[in-house]
Structure formats: structure tokens, C-alpha cells
Amino acid sequence: MAIFCPNTISRRDFVKGSLAALGAVLSSRNTSWASDATSNERSSEKWAFVSDLHIPTDVSYNNRGFSPYKNLETIISKIISSAPDAVAITGDLSLTTGQPGEYQNLKTLLTPLSEKAPLYVSLGNHDNRDNFLQVFERLPGKRQSVAGKYVVVAENKPVRVILLDSLLYPDSELGLLGTLQRKWLSDYLNRDDKTPTVLCFHHAIAGSDGDLWEKPRLYDILGPISTTKSIKYSLLDISQLYDIIVPISKVKAVIFGHSHAYCFSEYKGIHQINLPATGYNLNDKDPVGWVEVRWTAQGGDFILHTIGGNQDKDGTIKKLTWRSVH
Ligand SMILES: [Fe+2]
């Protein structure tokens with residue numbers, strides 16, 4: 001397993017770039033909250049990924065000097081300027097427990113972006129599924145029939161994106177996909193097609209030290225969070241998830257948030273991308289910002305855009321190649 005983080009990465013791994021170097025500029029399009037405007041015939045697409053927004057009810061709230069509300073306002077403006085084909089959000093939309101006022105503020109912030117590109121959303125441990133769905137009644141993507149979970153698929157070319165639901169219950173650090181969702185995922189992935197597929201969910205599954213938390217132990221689950229590193233980020237059924245996806249070679253990458261850090265790792269050919277937070281970082285070494293992705297059927301370029309925190313790697317590009325189909 002290979003891994004890097006901003007504080008350890010070699011400059012040779014990156015190609016300093018700009019938006020202009022990414023290729024053709026894609027035009028903005030008018031869409032609605034519920035539309036899937038992304039063409040399914042493109043050979044490449046540009047997506048924007050954001051995570052850990054932590055939008056408060058009180059818009060003046062700040063954490064470690066960061067204003068999540070103002071941060072997202074700034075980032076949305078930049079994303080609109082980049083004219084993405086689609087946007088994905090990997091959870092922790094709300095500050096703590098997913099209150100309706102938090103989602104109303106989020107909806108206000110996201111509305112200008114929703115008019116330009118489809119927004120695909122997954123939920124985090126600081127979300128409340130029912131409150132979220134009451135405020136965001138209509139959203140893009142094909143919602144899947146998984147009881148008690150919010151699962152969405154963006155059936156696009158060149159890459160299919162599946163947004164899973166790892167929310168166990170609001171304000172719990174632990175995440176769980178659950179038996180029903182894993183069964184649905186296994187059935188969905190075992191259909192006879194070879195479209196490169198990326199999974200998105202909230203909970204981090206690998207740390208900056210390179211660990212992949214394959215099998216959370218009972219001690220981890222029961223032990224005090226403050227002294228048990230892995231429990232902070234654990235997806236409880238990570239090993240069962242990997243049992244499903246490792247043999248299915250069209251699964252190319254897993255994208256998640258939760259740690260508020262920007263890291264890449266790889267496990268058995270599956271790329272793992274940990275997105276930075278838009279709201280605030282938890283450590284001065286980590287950036288605050290969003291990630292632009294330009295992907296094809298062969299791989300993807302991941303471009304970091306920072307607005308705060310550690311901005312040393314702003315504009316850097318990580319190039320990933322998908323594992324081969326077998
Ligand atoms: Fe978070």
C-alpha cells in the first residue's frame with residue numbers, strides 16, 4: 001500500500017498546474033436541484049469534490065479561526081468559475097447534529113451551484129438523514145432502494161459514481177454501511193458492465209500514517225476514543241466492504257472525508273482519496289479547500305484548491321491510473 005500526504009509528498013509526484021492546463025473549458029449549464037445534467041457520453045469529465053462543510057445555524061460561528069459558512073461561500077464561487085460537470089459532497093454537511101436550520105443555510109449556499117451542475121450528496125456522522133431529506137426534497141442522481149440509507153448513483157461516463165451512506169446515527173464518530181447496503185452494493189456491482197466505478201462515502205478508512213483499518217477490533221470499538229487512534233475514523237464494516245470491491249476490478253477508487261486531511265493511499269489496486277474539509281482543518285498542517293477531478297476511463301487528475309490552512313500544495317495535481325480490468 002502506498003500513501004502520501006501534503007506534509008510528506010515529494011514534488012516529483014505532483015505536476016504544478018492551473019485550470020488552463022487541464023484542457024478544454026466546459027461551459028456552464030442551467031440545471032435544477034433534481035436534474036442530472038451530466039452527459040453520459042463524455043470521454044472525460046470534470047468534477048468538484050467537497051467534504052466536511054460543517055455549516056452552522058449561526059452563520060457567525062467559527063472554529064480555530066475558520067468560518068465554515070464563509071469558507072463554503074468562497075469555495076462555491078470558485079467551483080462555479082471552474083465550470084464542473086458535476087459536484088460531489090462527502091458528508092458532514094452540518095456543524096454537529098444535522099439541525100434543519102443548518103440544512104436551510106446550506107441550501108441557500110448551494111443553490112447558485114445547483115443551477116450550474118448536478119450536486120450529488122452523501123451523509124456524514126454529523127448529519128441527520130431525516131432532517132436533510134426534509135430540506136433537500138429533490139436531488140440529482142438515481143436514489144437506490146436501501147432501507148434506512150440515502151444511496152445515490154450517478155450513472156455517468158467515463159466514470160460511474162456511487163455515493164454510499166455511512167451515517168450510523170447523528171454525532172457518532174463510528175460509521176456503518178450495514179448489511180442491506182452492502183448486499184445492494186454487491187448486487188449492483190456484479191451487473192455485467194465494465195464502467196469504471198468510484199465509491200464515495202464519508203468515513204475515512206486510511207490514515208496519514210498509511211494504515212488501512214481493515215478490521216476494527218472490539219477493543220477499538222469499546223475503547224476510549226481519545227486514546228484509540230483508529231476508532232476516530234473507523235467504518236465498522238470496512239473489511240466486509242473490501243471483501244466485496246477488491247475482486248470487482250471496475251471499482252477503481254474510494255473517496256471519503258471525515259479526517260479533514262488531504263491524503264492519497266492505495267490498497268490492492270484501489271485508490272483511496274481522503275478529501276480536505278471546506279469548513280476547518282483539525283491540524284495546522286492540513287489544507288482547507290476543495291478538490292477538482294478530471295477523469296477518464298483510464299484514470300484521474302486530482303487538483304487541490306486551497307483557501308486556508310496549509311496552502312503549500314495549492315494547485316498541485318496528483319495523477320492516478322485506474323487498475324486494469326480482469
Ligand atoms: Fe467533519
# chains A, B, ... in the order shown; residues from 1 in each chain; ligands from 1
$ residues_around --residues "Val254 of chain A" --least-positions-apart "6" --cutoff "9 Å" --atoms "only C-alpha atoms" --output "PyMOL selection string"
chain A and resi 198-201+270-274
$ write_last_selection --atoms "N, CA and C atoms" --output "CSV table (one decimal), in the first residue's frame"
chain,number,residue,atom,x,y,z
A,198,VAL,N,-16.4,4.6,-9.1
A,198,VAL,CA,-15.8,5.2,-7.9
A,198,VAL,C,-16.8,5.2,-6.8
A,199,LEU,N,-16.4,4.8,-5.6
A,199,LEU,CA,-17.3,4.9,-4.4
A,199,LEU,C,-17.0,6.1,-3.6
A,200,CYS,N,-18.1,6.8,-3.1
A,200,CYS,CA,-17.9,7.9,-2.2
A,200,CYS,C,-18.7,7.6,-1.0
A,201,PHE,N,-18.1,7.9,0.2
A,201,PHE,CA,-18.9,7.9,1.4
A,201,PHE,C,-18.1,8.8,2.4
A,270,ILE,N,-6.8,-0.4,-5.4
A,270,ILE,CA,-7.9,0.6,-5.2
A,270,ILE,C,-7.4,1.8,-4.6
A,271,HIS,N,-7.5,2.9,-5.4
A,271,HIS,CA,-7.1,4.2,-4.8
A,271,HIS,C,-8.0,4.7,-3.8
A,272,GLN,N,-7.4,5.3,-2.7
A,272,GLN,CA,-8.2,5.9,-1.6
A,272,GLN,C,-7.8,7.3,-1.5
A,273,ILE,N,-8.8,8.2,-1.7
A,273,ILE,CA,-8.6,9.6,-1.6
A,273,ILE,C,-9.3,10.2,-0.5
A,274,ASN,N,-8.6,10.8,0.5
A,274,ASN,CA,-9.2,11.5,1.6
A,274,ASN,C,-9.2,13.0,1.3
$ residues_around --residues "segment 124-126 of chain A" --least-positions-apart "5" --cutoff "10 Å" --atoms "only C-alpha atoms" --output "number ranges by chain"
A: 51-52, 54, 89-99, 165-176, 201-203, 256-258
$ write_last_selection --atoms "N, CA and C atoms" --output "mmCIF file, in the first residue's frame"
data_model
loop_
_atom_site.group_PDB
_atom_site.id
_atom_site.type_symbol
_atom_site.label_atom_id
_atom_site.label_comp_id
_atom_site.auth_asym_id
_atom_site.auth_seq_id
_atom_site.Cartn_x
_atom_site.Cartn_y
_atom_site.Cartn_z
ATOM 1 N N SER A 51 -15.987 18.290 1.004
ATOM 2 C CA SER A 51 -16.306 17.437 2.147
ATOM 3 C C SER A 51 -16.266 18.249 3.432
ATOM 4 N N ASP A 52 -16.956 17.738 4.432
ATOM 5 C CA ASP A 52 -16.889 18.300 5.781
ATOM 6 C C ASP A 52 -17.118 19.801 5.781
ATOM 7 N N HIS A 54 -19.688 21.394 7.435
ATOM 8 C CA HIS A 54 -19.987 21.809 8.815
ATOM 9 C C HIS A 54 -20.662 23.178 8.881
ATOM 10 N N ILE A 89 -20.419 15.757 -2.765
ATOM 11 C CA ILE A 89 -20.186 16.184 -1.390
ATOM 12 C C ILE A 89 -20.171 14.940 -0.518
ATOM 13 N N THR A 90 -19.084 14.762 0.240
ATOM 14 C CA THR A 90 -18.941 13.516 1.007
ATOM 15 C C THR A 90 -19.165 13.729 2.500
ATOM 16 N N GLY A 91 -20.265 14.349 2.841
ATOM 17 C CA GLY A 91 -20.754 14.305 4.203
ATOM 18 C C GLY A 91 -20.235 15.328 5.176
ATOM 19 N N ASP A 92 -20.822 15.271 6.365
ATOM 20 C CA ASP A 92 -20.678 16.306 7.383
ATOM 21 C C ASP A 92 -21.098 17.648 6.799
ATOM 22 N N LEU A 93 -22.333 17.660 6.358
ATOM 23 C CA LEU A 93 -22.906 18.894 5.817
ATOM 24 C C LEU A 93 -23.160 19.886 6.942
ATOM 25 N N SER A 94 -23.594 19.365 8.080
ATOM 26 C CA SER A 94 -23.965 20.241 9.199
ATOM 27 C C SER A 94 -22.835 20.312 10.212
ATOM 28 N N LEU A 95 -22.956 21.303 11.086
ATOM 29 C CA LEU A 95 -21.909 21.516 12.087
ATOM 30 C C LEU A 95 -21.785 20.329 13.037
ATOM 31 N N THR A 96 -22.917 19.887 13.610
ATOM 32 C CA THR A 96 -22.795 18.825 14.604
ATOM 33 C C THR A 96 -23.859 17.735 14.470
ATOM 34 N N THR A 97 -25.142 18.117 14.532
ATOM 35 C CA THR A 97 -26.180 17.094 14.651
ATOM 36 C C THR A 97 -27.231 17.136 13.545
ATOM 37 N N GLY A 98 -27.023 17.960 12.519
ATOM 38 C CA GLY A 98 -27.957 17.969 11.406
ATOM 39 C C GLY A 98 -29.283 18.637 11.702
ATOM 40 N N GLN A 99 -29.234 19.848 12.198
ATOM 41 C CA GLN A 99 -30.460 20.587 12.509
ATOM 42 C C GLN A 99 -31.041 21.206 11.237
ATOM 43 N N ASP A 165 -23.914 5.538 2.025
ATOM 44 C CA ASP A 165 -24.351 6.190 3.264
ATOM 45 C C ASP A 165 -23.705 5.480 4.442
ATOM 46 N N SER A 166 -22.710 6.132 5.066
ATOM 47 C CA SER A 166 -22.012 5.525 6.210
ATOM 48 C C SER A 166 -22.474 6.112 7.541
ATOM 49 N N LEU A 167 -23.534 6.920 7.505
ATOM 50 C CA LEU A 167 -24.069 7.513 8.737
ATOM 51 C C LEU A 167 -24.722 6.432 9.596
ATOM 52 N N LEU A 168 -24.180 6.228 10.793
ATOM 53 C CA LEU A 168 -24.746 5.257 11.733
ATOM 54 C C LEU A 168 -25.853 5.924 12.541
ATOM 55 N N TYR A 169 -25.519 6.977 13.237
ATOM 56 C CA TYR A 169 -26.508 7.841 13.867
ATOM 57 C C TYR A 169 -25.850 9.199 14.111
ATOM 58 N N PRO A 170 -26.642 10.273 14.178
ATOM 59 C CA PRO A 170 -26.059 11.617 14.243
ATOM 60 C C PRO A 170 -25.115 11.805 15.431
ATOM 61 N N ASP A 171 -23.989 12.417 15.140
ATOM 62 C CA ASP A 171 -22.967 12.787 16.118
ATOM 63 C C ASP A 171 -22.219 11.589 16.683
ATOM 64 N N SER A 172 -22.265 10.468 15.969
ATOM 65 C CA SER A 172 -21.425 9.323 16.322
ATOM 66 C C SER A 172 -20.169 9.360 15.466
ATOM 67 N N GLU A 173 -19.025 9.083 16.056
ATOM 68 C CA GLU A 173 -17.799 9.035 15.262
ATOM 69 C C GLU A 173 -17.781 7.809 14.352
ATOM 70 N N LEU A 174 -18.416 6.752 14.785
ATOM 71 C CA LEU A 174 -18.377 5.497 14.033
ATOM 72 C C LEU A 174 -19.311 5.538 12.825
ATOM 73 N N GLY A 175 -18.905 4.841 11.779
ATOM 74 C CA GLY A 175 -19.740 4.730 10.595
ATOM 75 C C GLY A 175 -20.062 3.288 10.291
ATOM 76 N N LEU A 176 -21.150 3.074 9.570
ATOM 77 C CA LEU A 176 -21.558 1.712 9.214
ATOM 78 C C LEU A 176 -22.363 1.754 7.917
ATOM 79 N N PHE A 201 -18.118 7.947 0.155
ATOM 80 C CA PHE A 201 -18.850 7.943 1.428
ATOM 81 C C PHE A 201 -18.086 8.835 2.379
ATOM 82 N N HIS A 202 -18.586 8.961 3.586
ATOM 83 C CA HIS A 202 -17.983 9.958 4.484
ATOM 84 C C HIS A 202 -16.781 9.452 5.264
ATOM 85 N N HIS A 203 -16.913 8.311 5.901
ATOM 86 C CA HIS A 203 -15.926 7.910 6.908
ATOM 87 C C HIS A 203 -14.578 7.534 6.302
ATOM 88 N N PHE A 256 -13.415 9.757 0.271
ATOM 89 C CA PHE A 256 -14.073 9.981 1.555
ATOM 90 C C PHE A 256 -13.518 11.232 2.215
ATOM 91 N N GLY A 257 -14.136 11.611 3.330
ATOM 92 C CA GLY A 257 -13.697 12.794 4.069
ATOM 93 C C GLY A 257 -13.404 12.435 5.508
ATOM 94 N N HIS A 258 -14.049 13.147 6.441
ATOM 95 C CA HIS A 258 -14.090 12.822 7.864
ATOM 96 C C HIS A 258 -12.848 13.254 8.635
#
$ select_by_dssp --residues "segment 115-274 of chain A" --states "helix (DSSP H, G or I)" --output "count of residues only"
39
$ closest_residue --among "A:Ile55, A:Leu133, A:Ala253, A:Leu123" --to "Ser265 of chain A" --atoms "only C-alpha atoms"
A:Ala253
$ select_by_dssp --residues "segment 34-152 of chain A" --states "strand (DSSP E)" --output "ChimeraX atom specification"
/A:44-50,86-90,119-122,142-143,152
$ write_last_selection --atoms "N, CA and C atoms" --output "PDB file, in the first residue's frame"
ATOM      1  N   SER A  44     -14.344  12.354 -21.048  1.00  0.00           N
ATOM      2  CA  SER A  44     -13.720  12.874 -19.835  1.00  0.00           C
ATOM      3  C   SER A  44     -14.708  13.816 -19.164  1.00  0.00           C
ATOM      4  N   GLU A  45     -14.562  13.951 -17.862  1.00  0.00           N
ATOM      5  CA  GLU A  45     -15.433  14.861 -17.123  1.00  0.00           C
ATOM      6  C   GLU A  45     -14.628  15.564 -16.048  1.00  0.00           C
ATOM      7  N   LYS A  46     -15.120  16.736 -15.693  1.00  0.00           N
ATOM      8  CA  LYS A  46     -14.507  17.496 -14.607  1.00  0.00           C
ATOM      9  C   LYS A  46     -15.506  17.576 -13.453  1.00  0.00           C
ATOM     10  N   TRP A  47     -15.104  17.046 -12.314  1.00  0.00           N
ATOM     11  CA  TRP A  47     -15.954  17.068 -11.120  1.00  0.00           C
ATOM     12  C   TRP A  47     -15.287  17.918 -10.047  1.00  0.00           C
ATOM     13  N   ALA A  48     -16.102  18.470  -9.177  1.00  0.00           N
ATOM     14  CA  ALA A  48     -15.610  19.142  -7.974  1.00  0.00           C
ATOM     15  C   ALA A  48     -16.035  18.324  -6.763  1.00  0.00           C
ATOM     16  N   PHE A  49     -15.093  18.080  -5.856  1.00  0.00           N
ATOM     17  CA  PHE A  49     -15.386  17.318  -4.639  1.00  0.00           C
ATOM     18  C   PHE A  49     -15.192  18.208  -3.415  1.00  0.00           C
ATOM     19  N   VAL A  50     -16.184  18.220  -2.576  1.00  0.00           N
ATOM     20  CA  VAL A  50     -16.084  18.947  -1.307  1.00  0.00           C
ATOM     21  C   VAL A  50     -16.512  18.019  -0.176  1.00  0.00           C
ATOM     22  N   ALA A  86     -20.088  18.142 -12.688  1.00  0.00           N
ATOM     23  CA  ALA A  86     -20.870  17.681 -11.542  1.00  0.00           C
ATOM     24  C   ALA A  86     -20.087  17.975 -10.269  1.00  0.00           C
ATOM     25  N   VAL A  87     -20.808  17.926  -9.160  1.00  0.00           N
ATOM     26  CA  VAL A  87     -20.211  18.177  -7.849  1.00  0.00           C
ATOM     27  C   VAL A  87     -20.616  17.046  -6.913  1.00  0.00           C
ATOM     28  N   ALA A  88     -19.666  16.560  -6.119  1.00  0.00           N
ATOM     29  CA  ALA A  88     -19.965  15.538  -5.116  1.00  0.00           C
ATOM     30  C   ALA A  88     -19.568  16.051  -3.745  1.00  0.00           C
ATOM     31  N   ILE A  89     -20.419  15.757  -2.765  1.00  0.00           N
ATOM     32  CA  ILE A  89     -20.186  16.184  -1.390  1.00  0.00           C
ATOM     33  C   ILE A  89     -20.171  14.940  -0.518  1.00  0.00           C
ATOM     34  N   THR A  90     -19.084  14.762   0.240  1.00  0.00           N
ATOM     35  CA  THR A  90     -18.941  13.516   1.007  1.00  0.00           C
ATOM     36  C   THR A  90     -19.165  13.729   2.500  1.00  0.00           C
ATOM     37  N   LEU A 119     -25.603  18.252  -8.163  1.00  0.00           N
ATOM     38  CA  LEU A 119     -24.914  18.031  -6.897  1.00  0.00           C
ATOM     39  C   LEU A 119     -25.301  16.660  -6.355  1.00  0.00           C
ATOM     40  N   TYR A 120     -24.312  15.835  -6.096  1.00  0.00           N
ATOM     41  CA  TYR A 120     -24.541  14.508  -5.537  1.00  0.00           C
ATOM     42  C   TYR A 120     -24.026  14.499  -4.097  1.00  0.00           C
ATOM     43  N   VAL A 121     -24.844  14.013  -3.201  1.00  0.00           N
ATOM     44  CA  VAL A 121     -24.573  14.193  -1.777  1.00  0.00           C
ATOM     45  C   VAL A 121     -24.548  12.849  -1.055  1.00  0.00           C
ATOM     46  N   SER A 122     -23.567  12.695  -0.162  1.00  0.00           N
ATOM     47  CA  SER A 122     -23.611  11.605   0.808  1.00  0.00           C
ATOM     48  C   SER A 122     -23.570  12.217   2.205  1.00  0.00           C
ATOM     49  N   LYS A 142     -29.735   8.862  -9.139  1.00  0.00           N
ATOM     50  CA  LYS A 142     -30.736   7.806  -9.001  1.00  0.00           C
ATOM     51  C   LYS A 142     -30.681   7.267  -7.578  1.00  0.00           C
ATOM     52  N   ARG A 143     -31.672   7.643  -6.756  1.00  0.00           N
ATOM     53  CA  ARG A 143     -31.703   7.127  -5.397  1.00  0.00           C
ATOM     54  C   ARG A 143     -32.044   5.647  -5.425  1.00  0.00           C
ATOM     55  N   VAL A 152     -27.123   7.018  -3.597  1.00  0.00           N
ATOM     56  CA  VAL A 152     -27.365   7.646  -4.884  1.00  0.00           C
ATOM     57  C   VAL A 152     -26.314   7.179  -5.881  1.00  0.00           C
TER      58      VAL A 152
END
$ closest_residue --among "A:Phe132, A:Tyr103, A:Tyr280, A:Tyr150" --to "ligand 1" --atoms "only C-alpha atoms and all ligand atoms"
A:Tyr280
$ closest_residue --among "A:Ser186, A:Ser77, A:Gln104, A:Thr197" --to "Tyr242 of chain A" --atoms "only C-alpha atoms"
A:Ser186
$ closest_residue --among "A:Asp286, A:Asp301, A:Asp193, A:Glu266" --to "Val325 of chain A" --atoms "only C-alpha atoms"
A:Asp193
$ residues_around --residues "Leu106 of chain A" --least-positions-apart "4" --cutoff "9 Å" --atoms "only C-alpha atoms" --output "list in words"
Leu53, Ile55, Pro56, Tyr69, Leu72, Leu93, Ser94, Gly101, Glu102, Leu110 and Thr111 of chain A
$ atom_distance --atom1 "atom CA of Val288 of chain A" --atom2 "atom CA of His305 of chain A"
8.3 Å
$ closest_residue --among "A:Pro158, A:Gly178, A:Tyr267, A:Arg294" --to "Ala206 of chain A" --atoms "only C-alpha atoms"
A:Tyr267
$ atom_distance --atom1 "atom CA of Lys78 of chain A" --atom2 "atom CA of Ile307 of chain A"
9.9 Å
$ atom_distance --atom1 "atom CA of Asn128 of chain A" --atom2 "atom CA of Leu163 of chain A"
16.3 Å
$ closest_residue --among "A:Arg42, A:Lys313, A:Lys318, A:Ser259" --to "ligand 1" --atoms "only C-alpha atoms and all ligand atoms"
A:Ser259
